[in-house]
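Peer 1: Next comes start_6.csv, CSV, C-alpha atoms:
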chain,number,residue,atom,x,y,z
W,1,MET,CA,0.0,0.0,0.0
W,2,ARG,CA,1.1,3.5,-0.8
W,3,ILE,CA,-0.4,6.9,0.0
W,4,ARG,CA,-0.4,9.7,-2.5
W,5,THR,CA,-2.4,12.8,-3.5
W,6,SER,CA,-5.4,12.0,-5.7
W,7,THR,CA,-5.5,12.7,-9.4
W,8,CYS,CA,-8.5,14.4,-11.0
W,9,GLU,CA,-9.0,11.3,-13.2
W,10,GLU,CA,-9.8,9.1,-10.2
W,11,LEU,CA,-12.3,11.4,-8.6
W,12,PRO,CA,-15.2,9.2,-9.8
W,13,VAL,CA,-13.5,6.2,-8.1
W,14,LEU,CA,-13.5,8.2,-4.8
W,15,GLN,CA,-17.3,8.5,-5.2
W,16,ASP,CA,-17.5,4.7,-5.8
W,17,ILE,CA,-15.4,4.0,-2.7
W,18,GLU,CA,-17.7,6.2,-0.6
W,19,ARG,CA,-20.9,4.6,-1.9
W,20,ALA,CA,-19.5,1.1,-1.3
W,21,ALA,CA,-18.2,2.0,2.2
W,22,GLY,CA,-21.6,3.6,3.0
W,23,LEU,CA,-23.5,0.4,2.4
W,24,CYS,CA,-22.4,-1.1,5.8
W,25,PHE,CA,-24.6,1.6,7.5
W,26,ARG,CA,-27.6,-0.2,6.1
W,27,ASP,CA,-26.7,-3.3,8.2
W,28,ILE,CA,-27.1,-1.3,11.4
W,29,GLY,CA,-30.3,0.5,10.5
W,30,MET,CA,-28.8,3.7,9.2
W,31,ASP,CA,-30.3,3.6,5.7
W,32,GLU,CA,-30.3,7.4,5.3
W,33,VAL,CA,-26.5,7.4,5.8
W,34,ALA,CA,-26.1,4.4,3.4
W,35,ASP,CA,-28.2,6.2,0.8
W,36,ASP,CA,-26.4,9.6,1.1
W,37,GLU,CA,-24.7,10.6,-2.1
W,38,PRO,CA,-20.9,11.3,-2.0
W,39,LEU,CA,-19.6,14.7,-2.6
W,40,SER,CA,-20.0,15.9,-6.2
W,41,LEU,CA,-17.1,15.7,-8.7
W,42,GLU,CA,-16.9,19.5,-8.5
W,43,GLU,CA,-16.5,19.4,-4.7
W,44,LEU,CA,-14.0,16.6,-4.8
W,45,SER,CA,-12.1,18.5,-7.5
W,46,ARG,CA,-11.7,21.5,-5.2
W,47,TYR,CA,-10.0,19.2,-2.6
W,48,GLN,CA,-7.8,17.6,-5.2
W,49,ARG,CA,-6.7,20.9,-6.8
W,50,THR,CA,-5.8,22.3,-3.4
W,51,GLY,CA,-3.8,19.2,-2.4
W,52,ARG,CA,-6.2,18.1,0.4
W,53,ALA,CA,-7.3,14.8,-1.1
W,54,TRP,CA,-5.2,11.6,-0.5
W,55,VAL,CA,-5.6,8.1,-1.6
W,56,ALA,CA,-4.3,4.8,-0.4
W,57,VAL,CA,-3.5,2.7,-3.5
W,58,ASP,CA,-2.7,-0.9,-4.1
W,59,ASP,CA,0.3,-2.4,-6.0
W,60,ALA,CA,-1.5,-1.6,-9.3
W,61,ASP,CA,-1.9,2.1,-8.2
W,62,ARG,CA,-5.7,1.7,-7.8
W,63,ALA,CA,-7.3,3.7,-5.1
W,64,MET,CA,-8.8,1.6,-2.3
W,65,ALA,CA,-9.5,4.4,0.2
W,66,TYR,CA,-9.4,8.2,0.4
W,67,LEU,CA,-9.3,11.0,2.9
W,68,ILE,CA,-10.1,14.7,2.4
W,69,THR,CA,-9.3,17.5,4.8
W,70,ASP,CA,-10.2,21.1,5.6
W,71,PRO,CA,-8.3,23.7,7.6
W,72,VAL,CA,-10.5,24.4,10.7
W,73,ASP,CA,-9.4,26.7,13.5
W,74,GLY,CA,-5.7,26.1,12.9
W,75,ASN,CA,-6.0,22.3,12.8
W,76,VAL,CA,-6.4,19.7,10.0
W,77,HIS,CA,-10.0,18.6,10.0
W,78,ILE,CA,-10.7,15.2,8.4
W,79,GLU,CA,-13.8,16.0,6.3
W,80,GLN,CA,-14.2,12.4,5.0
W,81,ILE,CA,-12.4,9.2,5.1
W,82,SER,CA,-13.7,6.1,3.3
W,83,VAL,CA,-12.2,2.7,2.8
W,84,HIS,CA,-13.7,0.3,0.2
W,85,PRO,CA,-15.1,-2.8,1.9
W,86,ASP,CA,-12.8,-5.0,-0.1
W,87,SER,CA,-9.8,-3.3,1.6
W,88,ALA,CA,-11.4,-2.9,5.1
W,89,ARG,CA,-9.8,-4.2,8.3
W,90,ARG,CA,-6.3,-4.1,6.9
W,91,GLY,CA,-5.1,-0.8,8.5
W,92,VAL,CA,-5.7,1.2,5.4
W,93,GLY,CA,-7.8,3.9,7.1
W,94,ARG,CA,-5.4,4.1,10.0
W,95,ALA,CA,-2.5,4.5,7.5
W,96,LEU,CA,-4.2,7.4,5.8
W,97,ILE,CA,-4.8,9.1,9.2
W,98,ASP,CA,-1.2,8.5,10.3
W,99,HIS,CA,0.0,9.9,7.0
W,100,ILE,CA,-2.1,13.1,7.5
W,101,ALA,CA,-1.0,13.3,11.1
W,102,ALA,CA,2.7,13.2,10.1
W,103,ARG,CA,2.1,15.9,7.4
W,104,ALA,CA,0.3,18.1,9.9
W,105,ALA,CA,3.0,17.7,12.5
W,106,GLY,CA,5.6,18.6,9.9
W,107,ASP,CA,3.7,21.7,9.0
W,108,GLY,CA,3.5,22.7,12.7
W,109,VAL,CA,-0.3,22.0,12.9
W,110,PRO,CA,-1.2,21.0,16.5
W,111,ALA,CA,-4.0,18.5,15.8
W,112,LEU,CA,-6.3,16.6,13.6
W,113,THR,CA,-10.1,16.8,14.2
W,114,LEU,CA,-13.1,15.0,12.9
W,115,THR,CA,-16.8,14.5,13.6
W,116,THR,CA,-18.3,11.0,13.7
W,117,PHE,CA,-21.0,8.7,15.0
W,118,VAL,CA,-20.7,7.8,18.7
W,119,ASP,CA,-22.3,4.4,18.5
W,120,VAL,CA,-20.9,3.0,15.3
W,121,ALA,CA,-18.1,0.5,15.9
W,122,TRP,CA,-16.0,1.7,13.0
W,123,ASN,CA,-16.4,5.3,13.9
W,124,ALA,CA,-15.8,6.9,17.3
W,125,PRO,CA,-14.8,3.7,19.1
W,126,TYR,CA,-12.4,2.9,16.3
W,127,TYR,CA,-10.8,6.4,16.2
W,128,ALA,CA,-10.3,6.3,20.0
W,129,ALA,CA,-9.0,2.8,20.3
W,130,ARG,CA,-6.9,2.6,17.1
W,131,CYS,CA,-6.1,6.1,15.9
W,132,GLY,CA,-5.3,8.1,19.0
W,133,PHE,CA,-8.4,10.4,18.9
W,134,ARG,CA,-10.3,11.6,22.0
W,135,ALA,CA,-13.8,12.9,22.3
W,136,LEU,CA,-14.1,16.6,22.9
W,137,THR,CA,-16.4,18.0,25.5
W,138,GLU,CA,-18.9,20.7,24.5
W,139,ALA,CA,-16.7,23.3,26.2
W,140,GLU,CA,-13.7,22.2,24.0
W,141,LEU,CA,-15.4,22.8,20.7
W,142,THR,CA,-13.9,25.5,18.6
W,143,PRO,CA,-16.1,27.9,16.6
W,144,GLY,CA,-15.3,26.0,13.4
W,145,LEU,CA,-16.2,22.6,14.9
W,146,ARG,CA,-19.5,24.1,16.2
W,147,GLU,CA,-20.2,25.3,12.7
W,148,ILE,CA,-19.5,21.9,11.2
W,149,ARG,CA,-21.9,20.3,13.8
W,150,LEU,CA,-24.6,22.8,12.9
W,151,SER,CA,-24.2,21.9,9.3
W,152,GLU,CA,-24.4,18.2,10.0
W,153,ALA,CA,-27.5,18.7,12.1
W,154,GLY,CA,-29.0,20.6,9.1
W,155,HIS,CA,-28.4,17.5,7.0
W,156,GLY,CA,-30.1,15.2,9.5
W,157,LEU,CA,-27.0,13.5,10.9
W,158,ASP,CA,-28.0,14.3,14.5
W,159,ARG,CA,-30.7,11.6,14.3
W,160,TRP,CA,-27.8,9.5,15.7
W,161,PRO,CA,-25.4,10.6,18.4
W,162,ARG,CA,-22.4,12.4,17.0
W,163,VAL,CA,-19.1,13.6,18.6
W,164,CYS,CA,-16.2,15.9,17.7
W,165,MET,CA,-12.8,14.2,18.2
W,166,ARG,CA,-9.2,15.4,18.3
W,167,ARG,CA,-5.8,13.8,17.9
W,168,ASP,CA,-2.8,15.9,19.0
W,169,VAL,CA,0.1,15.6,16.5
W,170,GLY,CA,2.5,18.4,17.5
Would you write out, as structure tokens, the structure that this file holds?
Peer 2:
Amino acid sequence: MRIRTSTCEELPVLQDIERAAGLCFRDIGMDEVADDEPLSLEELSRYQRTGRAWVAVDDADRAMAYLITDPVDGNVHIEQISVHPDSARRGVGRALIDHIAARAAGDGVPALTLTTFVDVAWNAPYYAARCGFRALTEAELTPGLREIRLSEAGHGLDRWPRVCMRRDVG
């Protein structure tokens, strides 16, 4: 496995990865999440053009997972990370996160942040146990994270408990 920035030609593949990864939400009764469409090619292109979209690729240089980020309140915010089910449970997602953490630390950024589902095994419990994230209290939320949570609530994601998490990297 290798991690590199994504190319514009593979952006449709990133959408396919997200659709496939989202299907597992159907198994736990979160059909609305499973049916949610991935970001548009135009939105993904903005991440790709600004160097904020990475892929984990196999030996044939085919993307099997991706991660996109936004700068939020001086930290690197993981906007989306998706691993194709065919590549799941092999450390691919963790490798992407570790790659971004190393880049952030090298750039002097203090932390990674993300928002995720509290009660989904491959979300908050995984990020805490395997990736070094901790849940933030309401008092620890930065203005940017509060804005992200409001946007998520507007999209109906608060139907299930969510949490903001942080991993210090500096």
Peer 1: Would you list the contacts of segment 94-111 of chain W as a PyMOL selection string, taking every protein, DNA or RNA residue within 10 Å and counting all atoms listed in the file, but skipping same-chain residues closer than 5 positions in sequence?
Peer 2: chain W and resi 1-4+52+54-56+65-69+71+74-78+81-83+89+126-127+130-133+166-170
Peer 1: Check the smallest atom-to-atom distance from each of W:Glu42, W:Asp27, W:Asp73, W:Glu32 to Glu147 of chain W using only C-alpha atoms, then report the winner.
Peer 2: W:Asp73
Peer 1: Could you check which of W:Val118, W:Leu23, W:Leu141, W:Ile17 is closest to Arg159 of chain W, using all atoms listed in the file?
Peer 2: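 The answer is W:Val118, which sits nearest to Arg159 of chain W.
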Peer 1: Of the candidates W:Ile148, W:Gly156, W:Asp70, W:Val163, which one gets nearest to Leu136 of chain W if we count all atoms listed in the file?
Peer 2: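 Nearest candidate to Leu136 of chain W out of W:Ile148, W:Gly156, W:Asp70, W:Val163: W:Val163.
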Peer 1: So which one's closest to Arg62 of chain W, W:Thr116, W:Leu39, W:Ser6, W:Gln15? Using only C-alpha atoms, please.
Peer 2: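 Smallest distance to Arg62 of chain W is found for W:Ser6.
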Peer 1: Hey, can you check how far atom CA of Met64 of chain W sits from atom CA of His84 of chain W?
Peer 2: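 If I compute the distance from atom CA of Met64 of chain W to atom CA of His84 of chain W, I get 5.7 Å.
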Peer 1: Quote the spacing between atom CA of Leu114 of chain W and atom CA of Ala135 of chain W in Å to one decimal place.
Peer 2: 9.7 Å
Peer 1: Name the closest residue to Thr113 of chain W among the candidates W:Pro85, W:Thr137, W:Cys164, W:Ala129; distances are taken between atoms, counting all atoms listed in the file.
Peer 2: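 The shortest atom-to-atom distance to Thr113 of chain W comes from W:Cys164.
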Peer 1: Please compute the atom CA of Gly93 of chain W-atom CA of Leu150 of chain W distance, one decimal, in Å.
Peer 2: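 A separation of 25.9 Å between them.
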Peer 1: I'd like the contact shell of Arg162 of chain W - 10 Å cut-off, all atoms listed in the file, skipping same-chain residues fewer than 6 positions apart - returned as a ChimeraX atom specification.
Peer 2: /W:115-120,123-124,149,152-153
Peer 1: Determine the nearest neighbour of Glu10 of chain W from the options W:Val72, W:Leu41, W:Met165, W:Ala34, counting all atoms listed in the file.
Peer 2: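 Result for the nearest residue to Glu10 of chain W: W:Leu41.
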